[in-house]
file work.txt (compact mmCIF, C-alpha atoms and all ligand atoms)
# COMPACT_ATOMS: atom_id res chain seq x y z
CA MET A 1 1.71 -7.48 -0.72
CA PHE A 2 2.99 -3.90 -1.01
CA PHE A 3 0.12 -1.99 0.55
CA VAL A 4 -0.78 -4.47 3.25
CA ASP A 5 1.21 -6.79 5.44
CA ARG A 6 0.27 -10.36 4.57
CA LEU A 7 0.22 -11.60 8.15
CA GLU A 8 -1.87 -8.62 9.21
CA LEU A 9 -4.29 -9.34 6.37
CA ASP A 10 -4.61 -13.03 7.30
CA LYS A 11 -5.35 -12.04 10.88
CA THR A 12 -7.95 -9.46 9.87
CA LEU A 13 -9.71 -11.88 7.52
CA ARG A 14 -9.76 -14.56 10.23
CA GLN A 15 -11.34 -12.08 12.64
CA LEU A 16 -13.96 -11.01 10.10
CA ARG A 17 -14.79 -14.65 9.35
CA SER A 18 -15.37 -15.33 13.04
CA ILE A 19 -17.60 -12.26 13.49
CA TYR A 20 -19.74 -12.44 10.37
CA GLY A 21 -21.86 -15.25 9.02
CA GLN A 22 -22.89 -16.21 5.54
CA VAL A 23 -23.95 -14.02 2.68
CA ASP A 24 -27.56 -14.51 1.53
CA GLU A 25 -27.40 -16.48 -1.76
CA GLY A 26 -30.02 -14.14 -3.21
CA LEU A 27 -27.55 -11.29 -2.87
CA ARG A 28 -24.72 -12.97 -4.76
CA GLY A 29 -23.89 -11.41 -8.11
CA TRP A 30 -24.53 -14.66 -9.99
CA ASN A 31 -28.23 -14.24 -9.20
CA TRP A 32 -28.28 -11.23 -11.52
CA MET A 33 -31.57 -12.34 -13.08
CA SER A 34 -33.51 -11.87 -9.84
CA ASP A 35 -35.77 -8.84 -9.28
CA LEU A 36 -33.41 -7.55 -6.64
CA LEU A 37 -30.24 -7.66 -8.69
CA SER A 38 -31.30 -7.20 -12.30
CA PRO A 39 -30.67 -3.68 -13.65
CA PRO A 40 -33.71 -1.37 -13.63
CA LEU A 41 -32.97 -0.10 -17.17
CA GLU A 42 -31.64 -1.93 -20.20
CA ASN A 43 -28.57 -0.72 -22.05
CA VAL A 44 -27.54 1.73 -19.33
CA HIS A 45 -24.24 0.94 -17.64
CA LEU A 46 -22.89 2.95 -14.74
CA GLY A 47 -19.43 2.96 -13.22
CA VAL A 48 -19.12 1.57 -9.70
CA SER A 49 -17.51 4.77 -8.39
CA GLU A 50 -20.13 6.84 -10.20
CA ILE A 51 -22.76 5.05 -8.11
CA ALA A 52 -20.81 4.63 -4.90
CA ASN A 53 -19.21 8.06 -4.56
CA ARG A 54 -22.25 9.59 -2.93
CA TYR A 55 -20.99 13.12 -2.41
CA CYS A 56 -24.40 14.29 -3.54
CA PRO A 57 -27.38 13.08 -1.49
CA THR A 58 -29.91 14.15 -4.18
CA PHE A 59 -27.99 12.37 -7.00
CA ARG A 60 -27.70 15.63 -8.96
CA ASP A 61 -24.23 14.54 -10.05
CA ILE A 62 -25.84 11.61 -11.92
CA TYR A 63 -28.38 13.96 -13.53
CA LEU A 64 -25.66 16.41 -14.60
CA ARG A 65 -23.40 13.73 -16.08
CA ARG A 66 -25.95 11.41 -17.62
CA ILE A 67 -28.78 13.75 -18.67
CA GLU A 68 -27.11 17.13 -19.16
CA GLY A 69 -23.81 15.66 -20.34
CA VAL A 70 -21.73 17.78 -17.95
CA GLU A 71 -18.46 15.98 -17.35
CA ALA A 72 -17.06 16.15 -13.83
CA PRO A 73 -14.46 18.92 -13.74
CA TYR A 74 -11.00 17.79 -12.68
CA THR A 75 -9.07 19.33 -9.81
CA TYR A 76 -5.55 19.02 -8.47
CA LYS A 77 -6.80 16.23 -6.19
CA THR A 78 -8.42 14.38 -9.10
CA ILE A 79 -5.18 14.44 -11.08
CA ARG A 80 -3.19 13.39 -8.03
CA GLY A 81 -5.53 10.39 -7.72
CA TRP A 82 -4.96 9.41 -11.38
CA LEU A 83 -1.18 9.62 -10.93
CA TYR A 84 -1.00 7.69 -7.67
CA HIS A 85 -3.11 4.92 -9.21
CA ALA A 86 -1.05 4.87 -12.39
CA VAL A 87 2.34 4.75 -10.68
CA SER A 88 1.17 2.04 -8.25
CA SER A 89 -0.16 -0.27 -10.94
CA LYS A 90 2.72 0.38 -13.33
CA THR A 91 5.29 -0.43 -10.63
CA VAL A 92 3.56 -3.70 -9.80
CA GLN A 93 3.51 -4.59 -13.52
CA GLU A 94 7.22 -3.77 -13.82
CA VAL A 95 8.07 -5.92 -10.80
CA LYS A 96 6.22 -8.83 -12.39
CA ALA A 97 8.05 -8.34 -15.70
CA ILE A 98 11.50 -8.13 -14.09
CA LEU A 99 10.93 -11.24 -11.96
CA TYR A 100 10.91 -13.29 -15.16
CA LYS A 101 14.54 -12.31 -15.83
CA GLU A 102 17.23 -14.87 -15.13
CA GLU A 103 19.16 -14.92 -11.85
CA ILE A 104 17.11 -12.20 -10.31
CA ASN A 105 17.56 -11.24 -6.68
CA GLY A 106 16.57 -8.33 -4.44
CA PRO A 107 19.41 -5.91 -5.31
CA ARG A 108 19.08 -6.64 -9.05
CA LEU A 109 15.33 -6.16 -8.96
CA TYR A 110 15.78 -2.88 -7.11
CA SER A 111 18.44 -1.53 -9.46
CA GLU A 112 16.41 -2.53 -12.55
CA LEU A 113 13.45 -0.65 -11.13
CA LEU A 114 15.66 2.36 -10.40
CA VAL A 115 16.86 2.47 -14.00
CA ARG A 116 13.28 2.49 -15.29
CA ARG A 117 11.93 5.04 -12.81
CA LYS A 118 12.35 8.27 -14.77
CA LYS A 119 10.96 6.88 -18.02
CA ILE A 120 7.92 5.39 -16.31
CA ILE A 121 7.11 8.55 -14.40
CA ASP A 122 7.67 10.79 -17.44
CA GLU A 123 5.33 8.63 -19.49
CA ILE A 124 2.59 8.78 -16.86
CA LEU A 125 2.91 12.57 -16.51
CA GLU A 126 2.71 12.91 -20.28
CA LYS A 127 -0.23 10.53 -20.60
CA TYR A 128 -2.29 12.61 -18.16
CA LYS A 129 -1.07 15.94 -19.63
CA VAL A 130 -0.15 17.03 -16.13
CA GLU A 131 2.02 20.04 -16.93
CA ARG A 132 -0.57 21.49 -19.32
CA ARG A 133 -3.33 20.96 -16.78
CA LEU A 134 -1.56 22.08 -13.62
CA GLY A 135 1.56 24.08 -14.46
CA GLU A 136 5.18 23.49 -13.54
CA ALA A 137 5.22 23.85 -9.74
CA GLU A 138 2.30 21.49 -9.06
CA SER A 139 3.55 19.01 -11.68
CA GLU A 140 6.94 18.94 -9.99
CA LYS A 141 5.35 18.34 -6.60
CA LEU A 142 3.36 15.43 -7.99
CA ARG A 143 6.43 14.03 -9.76
CA LYS A 144 8.27 13.90 -6.43
CA GLU A 145 5.33 12.18 -4.76
CA MET A 146 5.15 9.62 -7.56
CA GLU A 147 8.86 8.94 -7.14
CA THR A 148 8.29 8.40 -3.43
CA ILE A 149 5.53 5.85 -4.10
CA TYR A 150 7.61 4.16 -6.80
CA MET A 151 10.66 3.82 -4.53
CA PHE A 152 8.52 2.60 -1.65
CA LEU A 153 7.08 -0.20 -3.79
CA ALA A 154 10.46 -1.03 -5.34
CA LEU A 155 12.08 -1.41 -1.92
CA GLN A 156 9.27 -3.61 -0.66
CA ALA A 157 9.39 -5.88 -3.70
CA ALA A 158 13.18 -6.25 -3.48
CA ALA A 159 13.07 -7.00 0.25
CA GLN A 160 10.30 -9.58 -0.19
CA LEU A 161 12.18 -11.28 -3.00
CA ASP A 162 15.33 -11.68 -0.92
CA LYS A 163 13.32 -12.91 2.05
CA ILE A 164 11.88 -15.72 -0.07
CA LEU A 165 15.14 -16.54 -1.84
CA ALA A 166 16.83 -16.84 1.55
CA LYS A 167 14.37 -19.54 2.60
CA VAL A 168 14.24 -21.77 -0.47
CA LYS A 169 16.92 -23.61 -2.43
CA TRP A 170 15.31 -23.05 -5.76
CA ALA A 171 11.99 -21.60 -6.89
CA GLU A 172 10.09 -21.59 -10.16
CA VAL A 173 9.62 -18.07 -11.41
CA GLU A 174 5.83 -18.54 -11.40
CA ASP A 175 5.99 -19.39 -7.69
CA LEU A 176 8.07 -16.28 -6.98
CA VAL A 177 5.60 -14.09 -8.84
CA SER A 178 2.63 -15.62 -7.05
CA ILE A 179 4.24 -15.00 -3.64
CA ILE A 180 5.69 -11.53 -4.25
CA VAL A 181 2.91 -10.14 -6.42
CA PRO A 182 -0.15 -12.25 -5.45
CA MET A 183 -2.57 -9.97 -7.20
CA ASP A 184 -3.93 -8.54 -10.41
CA VAL A 185 -3.76 -4.79 -10.77
CA GLU A 186 -6.43 -2.96 -12.71
CA ARG A 187 -8.36 -6.16 -13.11
CA VAL A 188 -11.06 -5.65 -15.74
CA VAL A 189 -14.46 -7.14 -15.03
CA ASP A 190 -17.73 -6.96 -16.94
CA GLY A 191 -20.49 -5.64 -14.66
CA SER A 192 -23.13 -5.25 -17.37
CA LEU A 193 -25.39 -8.04 -16.06
CA LEU A 194 -26.00 -5.77 -13.07
CA GLY A 195 -26.28 -2.50 -14.98
CA LEU A 196 -22.66 -1.66 -14.29
CA SER A 197 -19.95 -0.80 -16.77
CA LYS A 198 -18.75 -3.51 -19.17
CA GLU A 199 -15.16 -2.65 -18.34
CA LEU A 200 -14.96 -2.00 -14.64
CA ARG A 201 -11.39 -1.68 -13.43
CA ILE A 202 -10.64 -3.02 -9.98
CA ASP A 203 -7.49 -1.49 -8.51
CA ILE A 204 -6.28 -4.74 -6.95
CA PHE A 205 -7.77 -8.23 -6.82
CA THR A 206 -5.72 -10.54 -4.65
CA ASP A 207 -5.23 -14.28 -4.56
CA LYS A 208 -7.39 -14.30 -1.42
CA ARG A 209 -10.37 -13.08 -3.43
CA LEU A 210 -10.04 -9.72 -1.75
CA VAL A 211 -11.10 -6.63 -3.66
CA VAL A 212 -8.93 -3.59 -2.95
CA ASP A 213 -9.91 -0.05 -3.90
CA ILE A 214 -7.19 2.58 -3.55
CA LYS A 215 -8.26 6.03 -2.45
CA THR A 216 -6.01 9.05 -2.42
CA GLY A 217 -8.19 11.62 -0.68
CA ASP A 218 -9.92 11.88 2.67
CA ALA A 219 -11.71 8.85 4.11
CA ARG A 220 -15.47 8.86 3.48
CA ASP A 221 -18.00 6.37 4.77
CA PHE A 222 -19.49 5.80 1.30
CA HIS A 223 -16.19 4.47 -0.09
CA LYS A 224 -17.18 1.01 1.18
CA TYR A 225 -20.05 0.83 -1.34
CA ALA A 226 -17.58 0.52 -4.20
CA LEU A 227 -16.39 -2.78 -2.67
CA ALA A 228 -19.93 -4.17 -2.81
CA GLY A 229 -20.25 -3.07 -6.44
CA TYR A 230 -17.01 -4.76 -7.46
CA ALA A 231 -17.81 -7.91 -5.46
CA LEU A 232 -21.23 -8.24 -7.13
CA ALA A 233 -19.70 -7.67 -10.57
CA LEU A 234 -16.99 -10.29 -9.99
CA GLU A 235 -19.58 -12.76 -8.73
CA SER A 236 -21.80 -12.18 -11.75
CA SER A 237 -18.91 -12.65 -14.11
CA LEU A 238 -16.74 -15.35 -12.47
CA GLU A 239 -19.41 -17.09 -10.35
CA ILE A 240 -17.13 -17.25 -7.33
CA PRO A 241 -18.01 -15.75 -3.93
CA ILE A 242 -16.29 -12.49 -2.98
CA ASP A 243 -16.76 -11.77 0.70
CA TYR A 244 -14.07 -9.26 1.64
CA GLY A 245 -12.88 -5.91 0.47
CA MET A 246 -10.40 -3.31 1.54
CA ILE A 247 -10.18 0.42 1.10
CA THR A 248 -6.54 1.46 1.02
CA TYR A 249 -5.93 5.15 1.69
CA LEU A 250 -2.67 6.13 0.06
CA SER A 251 -0.93 9.47 0.59
CA VAL A 252 2.52 11.01 0.67
CA ASP A 253 3.45 13.26 3.56
CA LYS A 254 6.81 15.01 3.67
CA GLY A 255 8.42 12.42 1.44
CA VAL A 256 6.97 9.45 3.30
CA VAL A 257 4.30 7.06 1.98
CA LYS A 258 1.35 6.74 4.34
CA ILE A 259 -1.05 3.82 4.11
CA SER A 260 -4.17 3.09 6.05
CA ASN A 261 -6.33 0.04 5.33
CA ASN A 262 -9.99 -0.48 6.21
CA THR A 263 -11.16 -4.04 5.68
CA TYR A 264 -14.86 -4.91 5.22
CA PHE A 265 -17.03 -7.98 5.13
CA ILE A 266 -19.18 -7.54 2.02
CA GLY A 267 -22.30 -8.82 3.69
CA ASP A 268 -26.03 -8.54 3.06
CA GLU A 269 -26.40 -5.02 4.42
CA LEU A 270 -23.60 -3.52 2.33
CA ARG A 271 -24.88 -5.29 -0.79
CA ARG A 272 -28.46 -4.10 -0.22
CA GLU A 273 -27.32 -0.54 0.38
CA PHE A 274 -25.25 -0.54 -2.82
CA LEU A 275 -28.19 -1.92 -4.81
CA GLU A 276 -30.52 0.75 -3.38
CA ILE A 277 -28.08 3.47 -4.44
CA ARG A 278 -27.73 1.86 -7.89
CA ASP A 279 -31.51 1.74 -8.30
CA GLU A 280 -31.91 5.38 -7.28
CA ALA A 281 -29.21 6.39 -9.79
CA PHE A 282 -31.16 4.55 -12.50
CA ASN A 283 -34.38 6.29 -11.36
CA ILE A 284 -32.74 9.68 -11.84
CA ILE A 285 -31.76 8.69 -15.38
CA HIS A 286 -35.21 7.24 -16.12
CA ARG A 287 -37.03 10.37 -14.92
CA GLY A 288 -34.58 12.75 -16.61
CA GLU A 289 -35.54 15.57 -14.25
CA ASP A 290 -33.24 17.74 -12.20
CA PRO A 291 -33.51 16.40 -8.63
CA GLY A 292 -32.33 19.74 -7.22
CA LYS A 293 -29.64 20.50 -4.72
CA PRO A 294 -29.44 19.33 -1.12
CA PRO A 295 -29.81 22.02 1.61
CA LYS A 296 -26.05 22.23 1.78
CA CYS A 297 -23.56 21.05 -0.81
CA PRO A 298 -20.34 19.57 0.53
CA ARG A 299 -17.38 21.73 -0.54
CA TYR A 300 -15.48 18.65 -1.63
CA CYS A 301 -18.13 17.65 -4.19
CA ILE A 302 -16.53 17.55 -7.63
CA TYR A 303 -19.50 19.50 -9.09
CA TYR A 304 -19.44 22.19 -6.42
CA ASN A 305 -18.54 25.03 -8.82
CA VAL A 306 -21.03 23.79 -11.43
CA CYS A 307 -23.97 23.80 -9.01
CA ASN A 308 -22.80 26.79 -6.99
CA PRO A 309 -21.30 29.20 -9.51
CA GLY A 310 -19.61 32.25 -8.08
CA GLU A 311 -19.11 30.74 -4.64
CA PRO A 312 -15.55 30.10 -3.47
CA PRO A 313 -14.68 26.37 -3.71
S1 LIG B 1 -22.61 20.48 -5.81
FE1 LIG B 1 -24.34 19.96 -4.54
S2 LIG B 1 -26.05 19.59 -5.93
FE2 LIG B 1 -24.19 19.63 -7.13
S3 LIG B 1 -23.67 17.49 -7.32
FE3 LIG B 1 -22.53 18.30 -5.58
S4 LIG B 1 -23.81 17.96 -3.77
FE4 LIG B 1 -25.06 17.65 -5.59

call {"tool": "encode", "arguments": {"input": "work.txt", "output": "structure tokens", "more": "lines below"}}
Ligand code: SF4
result
Amino acid sequence: MFFVDRLELDKTLRQLRSIYGQVDEGLRGWNWMSDLLSPPLENVHLGVSEIANRYCPTFRDIYLRRIEGVEAPYTYKTIRGWLYHAVSSKTVQEVKAILYKEEINGPRLYSELLVRRKKIIDEILEKYKVERRLGEAESEKLRKEMETIYMFLALQAAAQLDKILAKVKWAEVEDLVSIIVPMDVERVVDGSLLGLSKELRIDIFTDKRLVVDIKTGDARDFHKYALAGYALALESSLEIPIDYGMITYLSVDKGVVKISNNTYFIGDELRREFLEIRDEAFNIIHRGEDPGKPPKCPRYCIYYNVCNPGEPP
């Protein structure tokens, strides 16, 4: 499944199922009309990461963005995140498209992907205006890293295809796609019943009803809250239970793709904590007052230079 070994995932989910119990029905997204889940304000819709990325303990980031209209400044790391996400999802989409070609096999899939590599990466770099935003040297570095991710995914897809073709006499193309790419990338879900954005984009939603959020920076404990937000939104929209989520940390180190996966049971506690953070974010918007800064701002906060002008980042 590209970023996670399928057998490893099955094992992890089995373990989580044996450790954790049921989710309280009252905390399922389809109960969005309840006092606990319904949004505190009408016609306000927040992004899941906007709520979950709790760099700022006083929620001043929400005040700055939503009341003062100060957009989060972008940094090299922000742009790197955009590009890693874009190249990952585009490669998966390309694999799906090529699998529908006749007489496809591993080497053909791989060489088709190779032919398309430059065009795809150029288009992504252009779309995000990378050279204008970062300059030549940093753009080139990111281009190489995108190529590394692209080739990594291409090799995996080709190897998986041949593995399956070696086992079966004949397979419908739909079956091949569902085995090799058992997921939707950038799955759009409407979270508005819960006060979330109408067009939330989930990085990966797998056939095992697993929500995957890809992160490209350092691991932070609050990343798990995004999984609860997406699970609640999916439940409110599809009315199916979503119990598991995964944070995939993706990086490139010296030309090698590094992946680390943290899998979570999206249980009562995680859901309650996400809802408390959501409600506090809405409170900040409702009050419209500057909540002030915490005693110490983390250097990695995206608003660091806005709230601490003159200080080195
Ligand atoms: S810089 Fe400090 S006050 Fe500003 S948003 Fe970040 S943590 Fe909050």

call {"tool": "atom_distance", "arguments": {"input": "work.txt", "atom1": "CA of Lys167 (chain A)", "atom2": "CA of Ile104 (chain A)"}}
result
15.1 Å

call {"tool": "residues_near_point", "arguments": {"input": "work.txt", "point": "(-18.7, 20.7, -12.8)", "cutoff": "10 Å", "atoms": "only C-alpha atoms", "output": "PyMOL selection string"}}
result
chain A and resi 61+64-65+70-74+301-309

call {"tool": "residues_near_point", "arguments": {"input": "work.txt", "point": "(-11.5, 0.6, -0.6)", "cutoff": "7 Å", "atoms": "only C-alpha atoms", "output": "ChimeraX atom specification"}}
result
/A:212-215,223-224,227,245-248

call {"tool": "atom_distance", "arguments": {"input": "work.txt", "atom1": "CA of Thr206 (chain A)", "atom2": "CA of Val44 (chain A)"}}
result
29.0 Å

call {"tool": "residues_around", "arguments": {"input": "work.txt", "residues": "Ser49 (chain A)", "least_positions_apart": "5", "cutoff": "9 Å", "atoms": "all atoms listed in the file", "output": "list in words"}}
result
Arg54, His223, Tyr225, Ala226 and Gly229 of chain A

call {"tool": "residues_around", "arguments": {"input": "work.txt", "residues": "region 113-120 of chain A", "least_positions_apart": "2", "cutoff": "10 Å", "atoms": "all atoms listed in the file", "output": "PyMOL selection string"}}
result
chain A and resi 86-87+90-91+94-95+98+107-111+122-126+143+146-147+150-151+153-155+157-158

call {"tool": "atom_distance", "arguments": {"input": "work.txt", "atom1": "CA of Gly191 (chain A)", "atom2": "CA of Leu232 (chain A)"}}
result
8.0 Å

call {"tool": "residues_around", "arguments": {"input": "work.txt", "residues": "region 263-271 of chain A", "least_positions_apart": "4", "cutoff": "12 Å", "atoms": "only C-alpha atoms", "output": "PyMOL selection string"}}
result
chain A and resi 4+8-29+36-37+52+209-213+221-233+235+241-249+275-278

call {"tool": "write_last_selection", "arguments": {"input": "work.txt", "atoms": "C-alpha atoms", "output": "mmCIF file, in the coordinates of the input"}}
result
data_model
loop_
_atom_site.group_PDB
_atom_site.id
_atom_site.type_symbol
_atom_site.label_atom_id
_atom_site.label_comp_id
_atom_site.auth_asym_id
_atom_site.auth_seq_id
_atom_site.Cartn_x
_atom_site.Cartn_y
_atom_site.Cartn_z
ATOM 1 C CA VAL A 4 -0.780 -4.470 3.250
ATOM 2 C CA GLU A 8 -1.870 -8.620 9.210
ATOM 3 C CA LEU A 9 -4.290 -9.340 6.370
ATOM 4 C CA ASP A 10 -4.610 -13.030 7.300
ATOM 5 C CA LYS A 11 -5.350 -12.040 10.880
ATOM 6 C CA THR A 12 -7.950 -9.460 9.870
ATOM 7 C CA LEU A 13 -9.710 -11.880 7.520
ATOM 8 C CA ARG A 14 -9.760 -14.560 10.230
ATOM 9 C CA GLN A 15 -11.340 -12.080 12.640
ATOM 10 C CA LEU A 16 -13.960 -11.010 10.100
ATOM 11 C CA ARG A 17 -14.790 -14.650 9.350
ATOM 12 C CA SER A 18 -15.370 -15.330 13.040
ATOM 13 C CA ILE A 19 -17.600 -12.260 13.490
ATOM 14 C CA TYR A 20 -19.740 -12.440 10.370
ATOM 15 C CA GLY A 21 -21.860 -15.250 9.020
ATOM 16 C CA GLN A 22 -22.890 -16.210 5.540
ATOM 17 C CA VAL A 23 -23.950 -14.020 2.680
ATOM 18 C CA ASP A 24 -27.560 -14.510 1.530
ATOM 19 C CA GLU A 25 -27.400 -16.480 -1.760
ATOM 20 C CA GLY A 26 -30.020 -14.140 -3.210
ATOM 21 C CA LEU A 27 -27.550 -11.290 -2.870
ATOM 22 C CA ARG A 28 -24.720 -12.970 -4.760
ATOM 23 C CA GLY A 29 -23.890 -11.410 -8.110
ATOM 24 C CA LEU A 36 -33.410 -7.550 -6.640
ATOM 25 C CA LEU A 37 -30.240 -7.660 -8.690
ATOM 26 C CA ALA A 52 -20.810 4.630 -4.900
ATOM 27 C CA ARG A 209 -10.370 -13.080 -3.430
ATOM 28 C CA LEU A 210 -10.040 -9.720 -1.750
ATOM 29 C CA VAL A 211 -11.100 -6.630 -3.660
ATOM 30 C CA VAL A 212 -8.930 -3.590 -2.950
ATOM 31 C CA ASP A 213 -9.910 -0.050 -3.900
ATOM 32 C CA ASP A 221 -18.000 6.370 4.770
ATOM 33 C CA PHE A 222 -19.490 5.800 1.300
ATOM 34 C CA HIS A 223 -16.190 4.470 -0.090
ATOM 35 C CA LYS A 224 -17.180 1.010 1.180
ATOM 36 C CA TYR A 225 -20.050 0.830 -1.340
ATOM 37 C CA ALA A 226 -17.580 0.520 -4.200
ATOM 38 C CA LEU A 227 -16.390 -2.780 -2.670
ATOM 39 C CA ALA A 228 -19.930 -4.170 -2.810
ATOM 40 C CA GLY A 229 -20.250 -3.070 -6.440
ATOM 41 C CA TYR A 230 -17.010 -4.760 -7.460
ATOM 42 C CA ALA A 231 -17.810 -7.910 -5.460
ATOM 43 C CA LEU A 232 -21.230 -8.240 -7.130
ATOM 44 C CA ALA A 233 -19.700 -7.670 -10.570
ATOM 45 C CA GLU A 235 -19.580 -12.760 -8.730
ATOM 46 C CA PRO A 241 -18.010 -15.750 -3.930
ATOM 47 C CA ILE A 242 -16.290 -12.490 -2.980
ATOM 48 C CA ASP A 243 -16.760 -11.770 0.700
ATOM 49 C CA TYR A 244 -14.070 -9.260 1.640
ATOM 50 C CA GLY A 245 -12.880 -5.910 0.470
ATOM 51 C CA MET A 246 -10.400 -3.310 1.540
ATOM 52 C CA ILE A 247 -10.180 0.420 1.100
ATOM 53 C CA THR A 248 -6.540 1.460 1.020
ATOM 54 C CA TYR A 249 -5.930 5.150 1.690
ATOM 55 C CA LEU A 275 -28.190 -1.920 -4.810
ATOM 56 C CA GLU A 276 -30.520 0.750 -3.380
ATOM 57 C CA ILE A 277 -28.080 3.470 -4.440
ATOM 58 C CA ARG A 278 -27.730 1.860 -7.890
#

call {"tool": "closest_residue", "arguments": {"input": "work.txt", "among": "A:Glu103, A:Pro57, A:Tyr128, A:Ile202", "to": "Asp190 (chain A)", "atoms": "all atoms listed in the file"}}
result
A:Ile202

call {"tool": "closest_residue", "arguments": {"input": "work.txt", "among": "A:Lys258, A:Lys293, A:Lys129, A:Arg299", "to": "ligand LIG 1 (chain B)", "atoms": "all atoms listed in the file"}}
result
A:Lys293

call {"tool": "decode", "arguments": {"input": "work.txt", "residues": "region 209-221 of chain A", "atoms": "N, CA and C atoms", "output": "PDB file, in the first residue's frame"}}
result
ATOM      1  N   ARG A 209     -11.065   1.248   5.861  1.00  0.00           N
ATOM      2  CA  ARG A 209     -11.650   2.382   6.579  1.00  0.00           C
ATOM      3  C   ARG A 209     -10.636   2.990   7.546  1.00  0.00           C
ATOM      4  N   LEU A 210      -9.430   3.095   7.046  1.00  0.00           N
ATOM      5  CA  LEU A 210      -8.335   3.690   7.812  1.00  0.00           C
ATOM      6  C   LEU A 210      -8.052   5.070   7.228  1.00  0.00           C
ATOM      7  N   VAL A 211      -8.014   6.046   8.111  1.00  0.00           N
ATOM      8  CA  VAL A 211      -7.705   7.419   7.691  1.00  0.00           C
ATOM      9  C   VAL A 211      -6.203   7.630   7.858  1.00  0.00           C
ATOM     10  N   VAL A 212      -5.551   8.088   6.807  1.00  0.00           N
ATOM     11  CA  VAL A 212      -4.094   8.312   6.890  1.00  0.00           C
ATOM     12  C   VAL A 212      -3.808   9.789   6.640  1.00  0.00           C
ATOM     13  N   ASP A 213      -3.055  10.379   7.556  1.00  0.00           N
ATOM     14  CA  ASP A 213      -2.647  11.781   7.389  1.00  0.00           C
ATOM     15  C   ASP A 213      -1.126  11.778   7.234  1.00  0.00           C
ATOM     16  N   ILE A 214      -0.648  12.366   6.142  1.00  0.00           N
ATOM     17  CA  ILE A 214       0.800  12.369   5.885  1.00  0.00           C
ATOM     18  C   ILE A 214       1.395  13.651   6.456  1.00  0.00           C
ATOM     19  N   LYS A 215       2.436  13.486   7.233  1.00  0.00           N
ATOM     20  CA  LYS A 215       3.145  14.633   7.796  1.00  0.00           C
ATOM     21  C   LYS A 215       4.584  14.622   7.278  1.00  0.00           C
ATOM     22  N   THR A 216       5.104  15.821   7.065  1.00  0.00           N
ATOM     23  CA  THR A 216       6.450  15.875   6.482  1.00  0.00           C
ATOM     24  C   THR A 216       7.435  16.605   7.394  1.00  0.00           C
ATOM     25  N   GLY A 217       6.993  16.937   8.589  1.00  0.00           N
ATOM     26  CA  GLY A 217       7.903  17.590   9.538  1.00  0.00           C
ATOM     27  C   GLY A 217       8.135  16.698  10.742  1.00  0.00           C
ATOM     28  N   ASP A 218       8.533  17.310  11.841  1.00  0.00           N
ATOM     29  CA  ASP A 218       8.792  16.541  13.058  1.00  0.00           C
ATOM     30  C   ASP A 218       7.495  15.981  13.645  1.00  0.00           C
ATOM     31  N   ALA A 219       7.623  14.874  14.364  1.00  0.00           N
ATOM     32  CA  ALA A 219       6.447  14.269  15.001  1.00  0.00           C
ATOM     33  C   ALA A 219       5.988  15.141  16.165  1.00  0.00           C
ATOM     34  N   ARG A 220       4.703  15.385  16.257  1.00  0.00           N
ATOM     35  CA  ARG A 220       4.131  16.139  17.385  1.00  0.00           C
ATOM     36  C   ARG A 220       2.942  15.354  17.918  1.00  0.00           C
ATOM     37  N   ASP A 221       2.756  15.416  19.231  1.00  0.00           N
ATOM     38  CA  ASP A 221       1.681  14.635  19.838  1.00  0.00           C
ATOM     39  C   ASP A 221       0.300  15.053  19.311  1.00  0.00           C
TER      40      ASP A 221
END
